[in-house]
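Asks: Sharing input10.tsv, TSV, C-alpha atoms and all ligand atoms:
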chain	number	residue	atom	x	y	z
L	1	LEU	CA	19.14	-6.58	-1.22
L	2	CYS	CA	21.88	-5.34	-3.56
L	3	LYS	CA	21.92	-8.67	-5.38
L	4	VAL	CA	18.32	-8.96	-6.52
L	5	GLY	CA	18.15	-12.34	-8.21
L	6	GLY	CA	20.92	-13.61	-5.94
L	7	ARG	CA	20.54	-16.08	-3.10
L	8	ALA	CA	19.34	-13.77	-0.31
L	9	LYS	CA	15.73	-14.45	0.65
L	10	THR	CA	15.41	-12.76	4.03
L	11	LEU	CA	16.17	-9.28	5.28
L	12	LEU	CA	16.02	-8.71	9.00
L	13	VAL	CA	15.26	-5.12	10.06
L	14	THR	CA	14.27	-3.47	13.32
L	15	THR	CA	11.02	-1.67	12.50
L	16	GLY	CA	7.87	-2.10	10.50
L	17	ALA	CA	8.61	1.06	8.52
L	18	GLU	CA	11.98	-0.36	7.47
L	19	ALA	CA	10.31	-3.61	6.45
L	20	VAL	CA	7.76	-1.74	4.30
L	21	GLU	CA	10.39	0.59	2.77
L	22	ASN	CA	12.61	-2.32	1.85
L	23	ALA	CA	9.70	-4.30	0.44
L	24	VAL	CA	9.03	-1.33	-1.85
L	25	LYS	CA	12.70	-1.11	-2.84
L	26	ILE	CA	12.83	-4.84	-3.62
L	27	ALA	CA	9.58	-4.71	-5.62
L	28	ARG	CA	10.80	-1.72	-7.66
L	29	ALA	CA	14.26	-3.16	-8.28
L	30	TYR	CA	12.88	-6.57	-9.27
L	31	THR	CA	10.01	-5.40	-11.48
L	32	LYS	CA	11.74	-2.24	-12.78
L	33	ARG	CA	8.39	-0.52	-12.27
L	34	ARG	CA	7.69	2.57	-10.18
L	35	GLY	CA	4.07	2.51	-9.00
L	36	ILE	CA	2.99	1.47	-5.52
L	37	ILE	CA	-0.71	1.09	-4.78
L	38	VAL	CA	-1.94	1.58	-1.22
L	39	PHE	CA	-5.33	2.00	0.43
L	40	GLY	CA	-7.26	4.63	2.30
L	41	GLY	CA	-7.02	4.32	6.10
L	42	ALA	CA	-3.79	2.31	5.92
L	43	PHE	CA	-0.89	2.84	8.29
L	44	HIS	CA	2.58	1.93	7.01
L	45	GLY	CA	4.97	3.82	9.28
L	46	ARG	CA	6.58	7.15	10.15
L	47	THR	CA	9.38	7.51	7.59
L	48	LEU	CA	8.74	9.80	4.62
L	49	LEU	CA	7.97	6.95	2.20
L	50	THR	CA	5.78	5.07	4.63
L	51	MET	CA	4.01	8.30	5.63
L	52	ALA	CA	3.33	8.87	1.93
L	53	MET	CA	1.86	5.37	1.83
L	54	THR	CA	-0.21	5.93	4.98
L	55	GLY	CA	-3.82	6.78	4.22
L	56	LYS	CA	-4.61	8.84	7.29
L	57	VAL	CA	-3.54	12.48	7.62
L	58	ASN	CA	-4.29	13.19	11.25
L	59	PRO	CA	-2.23	12.46	13.37
L	60	TYR	CA	0.46	11.02	11.07
L	61	LYS	CA	1.04	13.30	8.09
L	62	GLN	CA	0.01	16.87	8.72
L	63	SER	CA	2.87	19.41	8.29
L	64	PHE	CA	5.34	16.71	7.15
L	65	GLY	CA	5.17	16.90	3.34
L	66	PRO	CA	6.17	17.04	0.58
L	67	PHE	CA	6.16	13.27	0.29
L	68	PRO	CA	7.77	10.87	-2.21
L	69	GLY	CA	5.79	10.28	-5.41
L	70	ASN	CA	4.47	7.31	-7.38
L	71	ILE	CA	2.21	6.25	-4.53
L	72	TYR	CA	-1.41	5.70	-5.63
L	73	ARG	CA	-4.28	5.34	-3.19
L	74	ALA	CA	-7.44	3.31	-3.68
L	75	PRO	CA	-10.42	2.90	-1.34
L	76	TYR	CA	-10.50	0.05	1.19
L	77	PRO	CA	-13.82	-1.77	1.58
L	78	ASP	CA	-15.80	-1.18	4.74
L	79	LEU	CA	-18.97	-3.24	4.62
L	80	TYR	CA	-20.22	-1.88	7.95
L	81	ARG	CA	-20.19	1.67	6.54
L	82	GLY	CA	-21.47	0.75	3.09
L	83	VAL	CA	-18.20	0.80	1.10
L	84	SER	CA	-18.60	-2.32	-1.01
L	85	VAL	CA	-16.06	-4.70	-2.53
L	86	GLU	CA	-17.49	-3.92	-5.98
L	87	HIS	CA	-17.01	-0.19	-5.48
L	88	CYS	CA	-13.39	-0.67	-4.37
L	89	LEU	CA	-12.47	-3.07	-7.19
L	90	SER	CA	-14.05	-0.69	-9.67
L	91	ALA	CA	-12.02	2.18	-8.15
L	92	LEU	CA	-8.87	0.15	-8.79
L	93	ASP	CA	-9.84	-0.16	-12.46
L	94	THR	CA	-10.40	3.59	-12.54
L	95	LEU	CA	-6.96	4.12	-11.01
L	96	PHE	CA	-5.42	2.04	-13.80
L	97	GLU	CA	-7.28	4.15	-16.35
L	98	SER	CA	-6.72	7.60	-14.88
L	99	GLU	CA	-3.57	7.54	-12.72
L	100	ILE	CA	-1.15	4.75	-13.58
L	101	GLU	CA	-1.17	1.91	-16.08
L	102	ALA	CA	-1.31	-1.52	-14.43
L	103	SER	CA	1.91	-2.53	-16.20
L	104	ALA	CA	3.80	0.22	-14.32
L	105	VAL	CA	2.77	-1.02	-10.87
L	106	ALA	CA	5.58	-2.63	-8.85
L	107	ALA	CA	3.50	-3.64	-5.83
L	108	ILE	CA	0.19	-3.41	-4.07
L	109	VAL	CA	0.65	-3.01	-0.32
L	110	ILE	CA	-2.36	-3.82	1.83
L	111	GLU	CA	-3.19	-4.55	5.44
L	112	PRO	CA	-5.56	-7.55	5.25
L	113	LEU	CA	-6.90	-6.23	8.53
L	114	LEU	CA	-6.82	-2.43	8.60
L	115	GLY	CA	-5.40	-1.44	12.00
L	116	GLU	CA	-5.05	2.30	12.55
L	117	GLY	CA	-7.82	2.77	10.00
L	118	GLY	CA	-10.37	1.22	12.33
L	119	PHE	CA	-9.79	-2.54	12.69
L	120	ILE	CA	-11.60	-3.37	9.47
L	121	PRO	CA	-11.03	-6.74	7.79
L	122	ALA	CA	-10.69	-6.91	4.00
L	123	PRO	CA	-13.34	-9.31	2.65
L	124	VAL	CA	-11.87	-12.42	1.02
L	125	GLU	CA	-13.53	-11.41	-2.28
L	126	PHE	CA	-11.59	-8.14	-2.21
L	127	MET	CA	-8.25	-9.88	-1.72
L	128	ALA	CA	-9.12	-12.31	-4.52
L	129	GLY	CA	-10.21	-9.42	-6.74
L	130	ILE	CA	-6.93	-7.59	-6.17
L	131	ARG	CA	-4.99	-10.72	-7.08
L	132	ARG	CA	-7.04	-11.09	-10.26
L	201	LIG	C1	0.50	-2.23	9.62
L	201	LIG	C2	1.71	-1.52	10.09
L	201	LIG	N1	2.69	-1.25	9.22
L	201	LIG	C3	3.81	-0.59	9.61
L	201	LIG	C4	3.98	-0.20	10.92
L	201	LIG	C5	5.24	0.55	11.31
L	201	LIG	O1	5.99	-0.16	12.21
L	201	LIG	P1	7.09	0.58	13.10
L	201	LIG	O2	6.39	1.51	14.03
L	201	LIG	O3	7.81	-0.55	13.79
L	201	LIG	O4	8.01	1.32	12.16
L	201	LIG	C6	3.00	-0.47	11.87
L	201	LIG	C7	3.16	-0.04	13.29
L	201	LIG	O5	2.26	-0.07	14.09
L	201	LIG	C8	1.83	-1.14	11.46
L	201	LIG	O6	0.83	-1.39	12.31
Mind turning this structure into structure tokens?
Ligand SMILES: Cc1ncc(COP(=O)(O)O)c(C=O)c1O
Replies:
Amino acid sequence: LCKVGGRAKTLLVTTGAEAVENAVKIARAYTKRRGIIVFGGAFHGRTLLTMAMTGKVNPYKQSFGPFPGNIYRAPYPDLYRGVSVEHCLSALDTLFESEIEASAVAAIVIEPLLGEGGFIPAPVEFMAGIRR
């Protein structure tokens, strides 16, 4: 991890929260950007950074702040409840206009299948839209 650009390609850790934290560290160190985009309903772990990234207050976050900054949250599509892919991609554009410029984003962290948020799959068009 200390030698970004070196030969190391794998980092073995013991928890999911450590994996997410280190992915953020690697993304920031490599891109030299600060912003991390996450989604509503997401669960990323119980450390301070991963709690900040988690998009569900109860039962994970209440009473535990303040949290680390430069985490930006966008809506996650939920077709069953009427939250469309178009709405969520448009909200990402709004985020880039009102919260953080796209060129300052180090990483977008997403569960392709939202777990704690309700076992909701991200439509393929949403994943493709994010990549675009
Ligand atoms: C999607 C996701 N990310 C991160 C974590 C955190 O993993 P851990 O509890 O091993 O720190 C979990 C745990 O359930 C998870 O489901």
Asks: So the first atom is CA of Ala17 (chain L) and the second is CA of Ala52 (chain L); what is the distance between them in Å, to one decimal place?
Replies: 11.5 Å
Asks: List as a list in words the protein and nucleic acid residues lying within 8 Å of ligand LIG 201 (chain L), with all atoms listed in the file counted.
Replies: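 Result of the 8 Å neighbour search around ligand LIG 201 (chain L): Thr14, Thr15, Gly16, Ala17, Glu18, Ala19, Val20, Ala42, Phe43, His44, Gly45, Arg46, Thr47, Thr50, Glu111, Leu114, Gly115 and Glu116 of chain L.
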Asks: Which neighbours of region 126-129 of chain L fall inside 12 Å, counting only C-alpha atoms, when residues of the same chain fewer than 4 positions from it are skipped, and could you give them as number ranges by chain?
Replies: L: 75-79, 83-93, 108-113, 121-122
Asks: For CA of Arg7 (chain L) and CA of Ala102 (chain L), quote the distance in Å rounded to one decimal.
Replies: 28.6 Å
Asks: Using CA of Glu125 (chain L) and CA of Gly35 (chain L) as the two end points, give the distance in Å to one decimal.
Replies: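 Computing it gives 23.4 Å between the two atoms.
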Asks: With a distance cut-off of 8 Å and all atoms listed in the file, select the neighbouring residues of Ala27 (chain L), excluding the residue or stretch itself and same-chain residues fewer than 4 positions from it, and output the selection as a list in words.
Replies: Ala23, Thr31, Lys32, Arg33, Ala106 and Ala107 of chain L
Asks: Select, from L:Ile120, L:Ile37, L:Val57, L:Ile100, the residue with the minimum atom-to-atom distance to Arg81 (chain L), counting all atoms listed in the file.
Replies: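 Under the stated criterion, the closest residue is L:Ile120.
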Asks: Pick the closest to Tyr80 (chain L) from L:Lys25, L:Ile130, L:Gly118, L:Val13: which is it, counting only C-alpha atoms?
Replies: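 The closest residue to Tyr80 (chain L) is L:Gly118.
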Asks: Would you list the residues near (10.1, 10.1, -3.5) (no more than 10 Å away, in the coordinates of the file, using all atoms listed in the file) as a ChimeraX atom specification?
Replies: /L:48-49,52,66-71
